[in-house]
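Novice: Data file data29.pdb (PDB, C-alpha atoms) is appended below.
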```pdb
ATOM      1  CA  MET A  59      -8.814  -7.850 -29.224
ATOM      2  CA  LYS A  60      -8.850  -5.149 -26.598
ATOM      3  CA  LEU A  61     -10.628  -6.919 -23.779
ATOM      4  CA  LEU A  62     -11.190  -5.524 -20.299
ATOM      5  CA  TRP A  63      -9.728  -8.585 -18.661
ATOM      6  CA  PRO A  64      -9.187  -7.081 -15.223
ATOM      7  CA  THR A  65     -12.955  -6.549 -15.186
ATOM      8  CA  VAL A  66     -13.534 -10.098 -16.430
ATOM      9  CA  ALA A  67     -11.335 -11.453 -13.656
ATOM     10  CA  ALA A  68     -13.383  -9.581 -11.067
ATOM     11  CA  VAL A  69     -16.629 -10.871 -12.582
ATOM     12  CA  VAL A  70     -15.675 -14.542 -12.575
ATOM     13  CA  LEU A  71     -14.820 -14.305  -8.904
ATOM     14  CA  LEU A  72     -18.330 -13.043  -8.210
ATOM     15  CA  ALA A  73     -20.183 -15.307 -10.571
ATOM     16  CA  ALA A  74     -20.712 -18.617  -8.763
ATOM     17  CA  PRO A  75     -20.516 -18.797  -4.968
ATOM     18  CA  ALA A  76     -22.189 -22.218  -5.041
ATOM     19  CA  HIS A  77     -19.152 -23.861  -6.646
ATOM     20  CA  ILE A  78     -16.343 -22.738  -4.383
ATOM     21  CA  SER A  79     -14.154 -24.652  -1.952
ATOM     22  CA  ALA A  80     -11.306 -23.454   0.240
ATOM     23  CA  LEU A  81      -8.118 -25.256   1.164
ATOM     24  CA  ASN A  82      -6.209 -24.341   4.298
ATOM     25  CA  ASP A  83      -2.460 -23.987   4.242
ATOM     26  CA  ALA A  84       0.041 -23.927   7.071
ATOM     27  CA  GLY A  85      -0.618 -20.225   7.749
ATOM     28  CA  PRO A  86      -3.690 -18.469   9.165
ATOM     29  CA  ALA A  87      -7.072 -19.897   8.227
ATOM     30  CA  LEU A  88      -8.465 -18.683   4.936
ATOM     31  CA  PRO A  89     -11.491 -16.367   5.184
ATOM     32  CA  PRO A  90     -14.990 -17.728   4.473
ATOM     33  CA  VAL A  91     -15.807 -17.737   0.786
ATOM     34  CA  GLU A  92     -18.921 -15.628   1.277
ATOM     35  CA  THR A  93     -16.882 -12.932   3.012
ATOM     36  CA  LEU A  94     -14.230 -12.999   0.287
ATOM     37  CA  LEU A  95     -16.777 -12.549  -2.498
ATOM     38  CA  GLN A  96     -18.596  -9.774  -0.678
ATOM     39  CA  ARG A  97     -15.384  -7.811  -0.085
ATOM     40  CA  ILE A  98     -14.265  -8.262  -3.703
ATOM     41  CA  ALA A  99     -17.660  -6.951  -4.865
ATOM     42  CA  GLU A 100     -17.306  -3.888  -2.637
ATOM     43  CA  THR A 101     -13.814  -3.159  -3.970
ATOM     44  CA  SER A 102     -14.818  -3.708  -7.610
ATOM     45  CA  ALA A 103     -17.680  -1.228  -7.198
ATOM     46  CA  LYS A 104     -15.094   1.466  -6.451
ATOM     47  CA  ALA A 105     -12.820   0.645  -9.403
ATOM     48  CA  ASP A 106     -13.815   3.701 -11.468
ATOM     49  CA  GLU A 107     -13.341   5.996  -8.471
ATOM     50  CA  ASN A 108      -9.892   4.509  -7.832
ATOM     51  CA  GLU A 109      -8.848   4.919 -11.480
ATOM     52  CA  GLN A 110     -10.012   8.522 -11.665
ATOM     53  CA  ALA A 111      -8.197   9.445  -8.459
ATOM     54  CA  PHE A 112      -5.004   7.771  -9.687
ATOM     55  CA  GLN A 113      -5.050   9.702 -12.961
ATOM     56  CA  GLU A 114      -5.709  12.972 -11.129
ATOM     57  CA  ARG A 115      -2.852  12.515  -8.649
ATOM     58  CA  TYR A 116      -0.121  10.663 -10.552
ATOM     59  CA  PHE A 117       2.090  11.365 -13.516
ATOM     60  CA  PHE A 118       2.879   8.310 -15.660
ATOM     61  CA  MET A 119       3.801   7.254 -19.174
ATOM     62  CA  ARG A 120       1.644   4.516 -20.681
ATOM     63  CA  THR A 121       3.101   2.494 -23.548
ATOM     64  CA  ARG A 122       1.082   0.074 -25.671
ATOM     65  CA  VAL A 123       2.742  -2.234 -28.181
ATOM     66  CA  THR A 124       0.862  -4.576 -30.521
ATOM     67  CA  GLU A 125       2.657  -6.949 -32.884
ATOM     68  CA  TYR A 126       1.057  -9.017 -35.647
ATOM     69  CA  ARG A 127       2.870 -12.088 -36.920
ATOM     70  CA  ASN A 128       2.221 -14.392 -39.862
ATOM     71  CA  SER A 129       2.235 -18.199 -39.778
ATOM     72  CA  LYS A 130       6.061 -18.184 -39.906
ATOM     73  CA  GLY A 131       6.309 -16.007 -36.815
ATOM     74  CA  GLU A 132       7.504 -12.973 -38.777
ATOM     75  CA  VAL A 133       6.367  -9.559 -37.508
ATOM     76  CA  LYS A 134       4.278  -8.055 -40.318
ATOM     77  CA  LYS A 135       2.843  -5.115 -38.414
ATOM     78  CA  ARG A 136       3.848  -3.295 -35.251
ATOM     79  CA  GLU A 137       1.954  -0.521 -33.501
ATOM     80  CA  GLU A 138       3.391   1.470 -30.618
ATOM     81  CA  LYS A 139       1.422   4.138 -28.821
ATOM     82  CA  LYS A 140       2.610   6.289 -25.926
ATOM     83  CA  ARG A 141       0.438   8.501 -23.792
ATOM     84  CA  GLU A 142       1.630  10.820 -21.062
ATOM     85  CA  ASN A 143      -0.693  11.422 -18.117
ATOM     86  CA  ASP A 144       0.307  14.780 -16.574
ATOM     87  CA  PRO A 145      -2.064  16.109 -13.877
ATOM     88  CA  LEU A 146      -0.036  19.318 -13.582
ATOM     89  CA  GLN A 147      -0.579  20.131 -17.246
ATOM     90  CA  GLN A 148      -4.250  19.252 -16.900
ATOM     91  CA  ALA A 149      -4.552  21.666 -13.981
ATOM     92  CA  ARG A 150      -2.878  24.455 -15.942
ATOM     93  CA  ALA A 151      -5.150  23.801 -18.921
ATOM     94  CA  ALA A 152      -8.209  24.043 -16.677
ATOM     95  CA  LYS A 153      -7.361  27.536 -15.383
ATOM     96  CA  PRO A 154      -9.437  30.411 -16.869
ATOM     97  CA  GLN A 155      -7.596  32.282 -19.625
ATOM     98  CA  SER A 156      -7.434  36.081 -19.867
ATOM     99  CA  SER A 157      -9.166  37.728 -22.823
ATOM    100  CA  GLY A 158      -7.247  37.198 -26.047
ATOM    101  CA  ALA A 159      -4.908  34.645 -24.531
ATOM    102  CA  LYS A 160      -4.239  31.514 -26.502
ATOM    103  CA  SER A 161      -5.487  28.215 -25.123
ATOM    104  CA  PRO A 162      -2.776  25.824 -23.966
ATOM    105  CA  PRO A 163      -2.136  22.716 -26.013
ATOM    106  CA  ALA A 164      -4.204  19.626 -25.372
ATOM    107  CA  VAL A 165      -3.424  17.681 -22.223
ATOM    108  CA  GLY A 166      -0.166  15.764 -22.635
ATOM    109  CA  THR A 167      -0.768  13.034 -25.116
ATOM    110  CA  LYS A 168       2.145  11.846 -27.172
ATOM    111  CA  THR A 169       1.693   9.104 -29.727
ATOM    112  CA  ASN A 170       4.270   7.180 -31.695
ATOM    113  CA  GLU A 171       3.080   4.588 -34.212
ATOM    114  CA  ALA A 172       4.964   2.368 -36.612
ATOM    115  CA  VAL A 173       2.961   0.381 -39.148
ATOM    116  CA  SER A 174       4.196  -2.075 -41.758
ATOM    117  CA  GLU A 175       2.688  -3.158 -45.053
ATOM    118  CA  THR A 176      -0.012  -5.495 -43.791
ATOM    119  CA  HIS A 177      -3.179  -5.232 -41.754
ATOM    120  CA  SER A 178      -5.129  -7.590 -39.540
ATOM    121  CA  ASN A 179      -8.615  -7.488 -38.043
ATOM    122  CA  MET A 180      -7.854 -10.178 -35.468
ATOM    123  CA  ARG A 181      -8.670  -7.850 -32.604
ATOM    124  CA  GLY A 182     -12.257  -8.753 -31.910
ATOM    125  CA  LYS A 183     -14.727  -6.337 -30.366
ATOM    126  CA  ALA A 184     -13.690  -3.922 -27.639
ATOM    127  CA  PHE A 185     -15.961  -4.873 -24.759
ATOM    128  CA  GLU A 186     -17.571  -2.338 -22.450
ATOM    129  CA  LYS A 187     -17.514  -2.643 -18.660
ATOM    130  CA  SER A 188     -21.303  -2.984 -18.691
ATOM    131  CA  ASP A 189     -20.918  -6.216 -20.687
ATOM    132  CA  PHE A 190     -19.444  -7.875 -17.596
ATOM    133  CA  ALA A 191     -21.835  -6.695 -14.876
ATOM    134  CA  PRO A 192     -22.163  -9.490 -12.272
ATOM    135  CA  ASP A 193     -25.870 -10.055 -12.856
ATOM    136  CA  SER A 194     -27.895 -13.254 -12.532
ATOM    137  CA  ASP A 195     -27.069 -14.206 -16.128
ATOM    138  CA  LEU A 196     -23.447 -14.841 -15.161
ATOM    139  CA  LEU A 197     -24.175 -16.818 -11.994
ATOM    140  CA  GLY A 198     -23.097 -20.409 -12.011
ATOM    141  CA  ARG A 199     -20.679 -20.202 -14.958
ATOM    142  CA  PHE A 200     -17.563 -21.065 -12.952
ATOM    143  CA  GLU A 201     -16.176 -23.399 -10.335
ATOM    144  CA  PHE A 202     -13.692 -21.920  -7.862
ATOM    145  CA  THR A 203     -11.037 -23.156  -5.478
ATOM    146  CA  VAL A 204      -9.315 -20.933  -2.949
ATOM    147  CA  THR A 205      -5.930 -22.653  -2.777
ATOM    148  CA  GLY A 206      -4.001 -20.573  -0.245
ATOM    149  CA  ARG A 207      -2.046 -17.351   0.001
ATOM    150  CA  GLU A 208       1.162 -15.821  -1.315
ATOM    151  CA  VAL A 209       3.115 -12.660  -0.481
ATOM    152  CA  LEU A 210       3.252 -10.202  -3.403
ATOM    153  CA  ASN A 211       5.163  -6.930  -3.014
ATOM    154  CA  GLY A 212       5.269  -7.485   0.722
ATOM    155  CA  ARG A 213       1.505  -7.956   1.061
ATOM    156  CA  PRO A 214      -0.391 -11.246   1.586
ATOM    157  CA  ALA A 215      -2.687 -12.243  -1.268
ATOM    158  CA  LEU A 216      -5.284 -15.002  -1.528
ATOM    159  CA  ILE A 217      -4.900 -17.382  -4.474
ATOM    160  CA  VAL A 218      -8.068 -18.358  -6.336
ATOM    161  CA  ASP A 219      -8.246 -20.851  -9.220
ATOM    162  CA  PHE A 220     -11.299 -20.982 -11.474
ATOM    163  CA  GLN A 221     -12.610 -22.964 -14.433
ATOM    164  CA  PRO A 222     -15.866 -23.176 -16.423
ATOM    165  CA  ALA A 223     -18.699 -24.991 -14.681
ATOM    166  CA  GLU A 224     -19.351 -28.495 -15.988
ATOM    167  CA  LYS A 225     -22.732 -27.786 -17.547
ATOM    168  CA  LYS A 226     -24.162 -26.227 -20.682
ATOM    169  CA  LEU A 227     -23.633 -22.470 -20.563
ATOM    170  CA  PRO A 228     -25.483 -19.814 -22.609
ATOM    171  CA  GLU A 229     -23.638 -18.595 -25.726
ATOM    172  CA  ARG A 230     -25.526 -15.739 -27.346
ATOM    173  CA  ASN A 231     -22.559 -13.726 -28.587
ATOM    174  CA  PHE A 232     -18.780 -13.520 -28.857
ATOM    175  CA  LYS A 233     -18.470 -12.223 -25.294
ATOM    176  CA  ASP A 234     -20.275 -15.274 -23.898
ATOM    177  CA  ARG A 235     -18.086 -17.669 -25.884
ATOM    178  CA  PHE A 236     -14.952 -16.128 -24.418
ATOM    179  CA  ILE A 237     -16.216 -15.932 -20.821
ATOM    180  CA  ASN A 238     -17.539 -19.489 -20.843
ATOM    181  CA  LYS A 239     -14.152 -20.862 -21.878
ATOM    182  CA  ALA A 240     -11.989 -18.761 -19.537
ATOM    183  CA  ALA A 241      -9.974 -20.388 -16.782
ATOM    184  CA  GLY A 242      -6.945 -19.534 -14.726
ATOM    185  CA  ARG A 243      -5.747 -18.070 -11.445
ATOM    186  CA  VAL A 244      -6.074 -14.700  -9.742
ATOM    187  CA  TRP A 245      -4.440 -13.230  -6.658
ATOM    188  CA  VAL A 246      -6.548 -11.039  -4.328
ATOM    189  CA  ASP A 247      -4.980  -8.626  -1.831
ATOM    190  CA  GLU A 248      -5.990  -9.893   1.601
ATOM    191  CA  GLU A 249      -6.248  -6.419   3.135
ATOM    192  CA  ASP A 250      -7.852  -4.364   0.347
ATOM    193  CA  TYR A 251      -9.493  -7.266  -1.566
ATOM    194  CA  ALA A 252      -8.238  -5.783  -4.835
ATOM    195  CA  LEU A 253      -7.080  -7.931  -7.748
ATOM    196  CA  VAL A 254      -3.272  -7.947  -7.673
ATOM    197  CA  LYS A 255      -2.332 -10.434 -10.364
ATOM    198  CA  ALA A 256      -4.015 -12.677 -12.918
ATOM    199  CA  ASP A 257      -3.093 -15.456 -15.333
ATOM    200  CA  LEU A 258      -5.967 -16.479 -17.603
ATOM    201  CA  HIS A 259      -6.332 -18.669 -20.690
ATOM    202  CA  LEU A 260      -8.885 -20.238 -22.993
ATOM    203  CA  THR A 261      -9.711 -23.861 -22.313
ATOM    204  CA  GLU A 262     -10.720 -24.540 -25.928
ATOM    205  CA  LYS A 263     -11.119 -22.915 -29.346
ATOM    206  CA  VAL A 264     -13.526 -19.999 -29.824
ATOM    207  CA  ASN A 265     -15.110 -19.498 -33.235
ATOM    208  CA  VAL A 266     -15.660 -15.981 -34.569
ATOM    209  CA  VAL A 267     -18.895 -15.564 -36.570
ATOM    210  CA  GLY A 268     -19.695 -19.234 -36.819
ATOM    211  CA  GLY A 269     -16.158 -20.295 -37.670
ATOM    212  CA  LEU A 270     -16.328 -18.859 -41.203
ATOM    213  CA  VAL A 271     -14.627 -15.526 -40.574
ATOM    214  CA  GLY A 272     -12.121 -16.859 -38.098
ATOM    215  CA  ALA A 273     -11.305 -18.729 -34.925
ATOM    216  CA  VAL A 274      -9.128 -18.244 -31.853
ATOM    217  CA  TRP A 275      -7.511 -21.406 -30.514
ATOM    218  CA  LYS A 276      -5.063 -19.888 -28.067
ATOM    219  CA  PHE A 277      -5.418 -16.828 -25.861
ATOM    220  CA  THR A 278      -3.467 -16.081 -22.708
ATOM    221  CA  PHE A 279      -3.680 -12.979 -20.576
ATOM    222  CA  GLY A 280      -1.954 -11.680 -17.476
ATOM    223  CA  PHE A 281      -1.623  -8.484 -15.503
ATOM    224  CA  ILE A 282       0.122  -7.175 -12.386
ATOM    225  CA  ARG A 283      -1.192  -4.339 -10.219
ATOM    226  CA  GLU A 284       0.565  -2.336  -7.531
ATOM    227  CA  ARG A 285      -0.622  -0.421  -4.482
ATOM    228  CA  MET A 286       0.628   3.105  -3.873
ATOM    229  CA  PRO A 287       1.291   4.489  -0.349
ATOM    230  CA  ASP A 288      -1.981   6.452  -0.446
ATOM    231  CA  GLY A 289      -3.952   3.244  -1.039
ATOM    232  CA  LEU A 290      -4.650   3.668  -4.753
ATOM    233  CA  TRP A 291      -4.101   0.703  -7.082
ATOM    234  CA  PHE A 292      -2.932   0.767 -10.697
ATOM    235  CA  THR A 293      -2.068  -1.779 -13.359
ATOM    236  CA  ARG A 294       1.700  -1.787 -13.801
ATOM    237  CA  ASN A 295       1.682  -4.042 -16.868
ATOM    238  CA  SER A 296      -0.559  -6.380 -18.834
ATOM    239  CA  ASN A 297       0.091  -8.796 -21.677
ATOM    240  CA  TRP A 298      -1.948 -10.995 -23.955
ATOM    241  CA  HIS A 299      -1.107 -13.467 -26.694
ATOM    242  CA  LEU A 300      -3.539 -14.647 -29.363
ATOM    243  CA  GLU A 301      -3.257 -17.330 -32.020
ATOM    244  CA  GLY A 302      -6.004 -17.858 -34.550
ATOM    245  CA  ARG A 303      -7.283 -17.719 -38.085
ATOM    246  CA  GLU A 304      -8.677 -14.724 -39.962
ATOM    247  CA  LEU A 305     -10.502 -15.992 -43.037
ATOM    248  CA  PHE A 306      -7.861 -18.370 -44.450
ATOM    249  CA  VAL A 307      -4.829 -16.621 -42.954
ATOM    250  CA  LEU A 308      -3.179 -17.711 -39.704
ATOM    251  CA  ARG A 309      -2.515 -14.834 -37.311
ATOM    252  CA  THR A 310      -0.568 -14.380 -34.102
ATOM    253  CA  VAL A 311      -0.990 -11.193 -32.087
ATOM    254  CA  ASP A 312       0.996 -10.072 -29.035
ATOM    255  CA  TYR A 313      -0.001  -7.095 -26.909
ATOM    256  CA  HIS A 314       1.930  -5.432 -24.095
ATOM    257  CA  GLU A 315       0.923  -2.425 -22.004
ATOM    258  CA  GLU A 316       3.027  -0.833 -19.291
ATOM    259  CA  LYS A 317       2.990   2.241 -17.050
ATOM    260  CA  THR A 318       6.392   3.737 -16.268
ATOM    261  CA  ASP A 319       7.789   6.809 -14.487
ATOM    262  CA  VAL A 320       4.886   6.687 -12.041
ATOM    263  CA  ARG A 321       5.114   9.517  -9.508
ATOM    264  CA  LYS A 322       2.667  11.446  -7.358
ATOM    265  CA  VAL A 323       2.220  15.131  -8.169
ATOM    266  CA  PHE A 324      -0.864  16.003  -6.068
TER     267      PHE A 324
END
```
Would you encode the structure as structure tokens?

Specialist:
Amino acid sequence: MKLLWPTVAAVVLLAAPAHISALNDAGPALPPVETLLQRIAETSAKADENEQAFQERYFFMRTRVTEYRNSKGEVKKREEKKRENDPLQQARAAKPQSSGAKSPPAVGTKTNEAVSETHSNMRGKAFEKSDFAPDSDLLGRFEFTVTGREVLNGRPALIVDFQPAEKKLPERNFKDRFINKAAGRVWVDEEDYALVKADLHLTEKVNVVGGLVGAVWKFTFGFIRERMPDGLWFTRNSNWHLEGRELFVLRTVDYHEEKTDVRKVF
């Protein structure tokens, strides 16, 4: 279930300005909700530009680990994939080659996979960013509360809790069923208005294909992002945990992704 949850978190913050309240703490007054949502929208619109610039300037190793467990909690399948992002090698590969010269190897991608004897399809559909565009169809799906602020990595962040709106919400597909039952908390950088941290979960069971093929009754997700000195943001790590049923077999899936050895090269 490779979901673009950072995108989902941004969407739910933009989805329902009519259902938001703000609570003051002992520190400076919290910004108006309308201002907060507008600034988050502006930052989210530049997410692709930020990601491209980060990949062009920074070396990093990305590791993805997915583990599938049976009803007894035993790991029956484990996948590990590593990818090296090396802008220097990309730059060398992009240089024109003299006649007869051999092309350099493909840009640094190293993969290591370990697979056991079993297989699971409890991954769901990989959503596209366009699936979560903050259009009118998503308005009014959530209720929000700005609860205060917290310092993360030396920078103040606004804390926002959200939950599904208490009304009947449209459910036309699997994406809608997940979004409508998402709740949790996100932290928004008070200077850049970028998402810094998120903890999300399902509020109730989600059926997959009418409940006959499977169901997901527990899903939690979290991520942490960091800001580099040049102002670019990146996701340091993300994790999700899923418990459900595939046909008549109980499945548990854990996913962890992390970027390490992050350093600027350009």

Novice: As a PDB file with C-alpha atoms, in the coordinates of the input, please: the residues near A:Glu125 (cut-off 7 Å, all atoms listed in the file, same-chain neighbours under 3 positions excluded).

Specialist:
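result33.pdb, written as the output of this step:
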```pdb
ATOM      1  CA  VAL A 133       6.367  -9.559 -37.508  1.00  0.00           C
ATOM      2  CA  LYS A 135       2.843  -5.115 -38.414  1.00  0.00           C
ATOM      3  CA  ARG A 136       3.848  -3.295 -35.251  1.00  0.00           C
ATOM      4  CA  GLU A 137       1.954  -0.521 -33.501  1.00  0.00           C
ATOM      5  CA  VAL A 311      -0.990 -11.193 -32.087  1.00  0.00           C
ATOM      6  CA  ASP A 312       0.996 -10.072 -29.035  1.00  0.00           C
ATOM      7  CA  TYR A 313      -0.001  -7.095 -26.909  1.00  0.00           C
TER       8      TYR A 313
END
```

Novice: List the spatial neighbours of stretch 238-243 of chain A as a PDB file with C-alpha atoms, keeping the file's coordinate frame - criterion: any atom at most 9 Å away, all atoms listed in the file, same-chain residues fewer than 6 positions off excluded.

Specialist:
```pdb
ATOM      1  CA  ALA A  67     -11.335 -11.453 -13.656  1.00  0.00           C
ATOM      2  CA  VAL A  70     -15.675 -14.542 -12.575  1.00  0.00           C
ATOM      3  CA  ARG A 199     -20.679 -20.202 -14.958  1.00  0.00           C
ATOM      4  CA  PHE A 200     -17.563 -21.065 -12.952  1.00  0.00           C
ATOM      5  CA  ILE A 217      -4.900 -17.382  -4.474  1.00  0.00           C
ATOM      6  CA  VAL A 218      -8.068 -18.358  -6.336  1.00  0.00           C
ATOM      7  CA  ASP A 219      -8.246 -20.851  -9.220  1.00  0.00           C
ATOM      8  CA  PHE A 220     -11.299 -20.982 -11.474  1.00  0.00           C
ATOM      9  CA  GLN A 221     -12.610 -22.964 -14.433  1.00  0.00           C
ATOM     10  CA  PRO A 222     -15.866 -23.176 -16.423  1.00  0.00           C
ATOM     11  CA  ALA A 223     -18.699 -24.991 -14.681  1.00  0.00           C
ATOM     12  CA  LEU A 227     -23.633 -22.470 -20.563  1.00  0.00           C
ATOM     13  CA  PRO A 228     -25.483 -19.814 -22.609  1.00  0.00           C
ATOM     14  CA  GLU A 229     -23.638 -18.595 -25.726  1.00  0.00           C
ATOM     15  CA  LYS A 255      -2.332 -10.434 -10.364  1.00  0.00           C
ATOM     16  CA  ALA A 256      -4.015 -12.677 -12.918  1.00  0.00           C
ATOM     17  CA  ASP A 257      -3.093 -15.456 -15.333  1.00  0.00           C
ATOM     18  CA  LEU A 258      -5.967 -16.479 -17.603  1.00  0.00           C
ATOM     19  CA  HIS A 259      -6.332 -18.669 -20.690  1.00  0.00           C
ATOM     20  CA  LEU A 260      -8.885 -20.238 -22.993  1.00  0.00           C
ATOM     21  CA  THR A 261      -9.711 -23.861 -22.313  1.00  0.00           C
ATOM     22  CA  GLU A 262     -10.720 -24.540 -25.928  1.00  0.00           C
ATOM     23  CA  LYS A 263     -11.119 -22.915 -29.346  1.00  0.00           C
ATOM     24  CA  VAL A 264     -13.526 -19.999 -29.824  1.00  0.00           C
TER      25      VAL A 264
END
```

Novice: Excluding A:Trp298 and any residue of its chain fewer than 6 positions from it, enumerate the residues within 8 Å of it, using only C-alpha atoms, and give them as a list in words.

Specialist: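 My list of contacting residues is Phe277, Thr278, Phe279, Gly280, Asp312, Tyr313 and His314 of chain A.
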
Novice: Could you work out how far atom CA of A:Val274 lies from atom CA of A:Phe236, giving the answer in Å with one decimal?

Specialist: 9.7 Å

Novice: Smallest atom-to-atom distance to A:Ala273: which of A:Glu301, A:Glu109, A:Asp234, A:Glu142, using all atoms listed in the file?

Specialist: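 Going through A:Glu301, A:Glu109, A:Asp234, A:Glu142 one by one, the smallest distance to A:Ala273 is for A:Glu301.
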
Novice: Can you tell me how far atom CA of A:Ala105 sits from atom CA of A:Val320, in Å to one decimal?

Specialist: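 Between these atoms lies a distance of 18.9 Å.
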
Novice: One decimal, in Å: what's the spacing between atom CA of A:Glu208 and atom CA of A:Pro89?

Specialist: 14.2 Å

Novice: Between A:Phe232, A:Phe202, A:Phe292, A:Trp275, which is the closest to A:Val244 once you count all atoms listed in the file?

Specialist: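 Selected residue with least distance to A:Val244: A:Phe202.
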
Novice: Using all atoms listed in the file, which of the listed residues (A:Gly206, A:Pro214, A:Pro287, A:Gly302) sits closest to A:Leu88?

Specialist: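 Under the stated criterion, the closest residue is A:Gly206.
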
Novice: Would you mind listing what lies within 12 Å of A:Thr318 as a ChimeraX atom specification, with all atoms listed in the file counted and same-chain residues fewer than 2 positions away left out?

Specialist: /A:116-122,140-143,292-295,315-316,320-321

Novice: Kindly resolve the PyMOL selection byres ((chain A and resi 145) around 12) on the present coordinates and return the residues as number ranges by chain.

Specialist: A: 110-119, 142-144, 146-152, 165-167, 320-324

Novice: Measuring between only C-alpha atoms, which one of A:Val204, A:Ala252, A:Val209, A:Leu216 shows the shortest distance to A:Glu100?

Specialist: A:Ala252
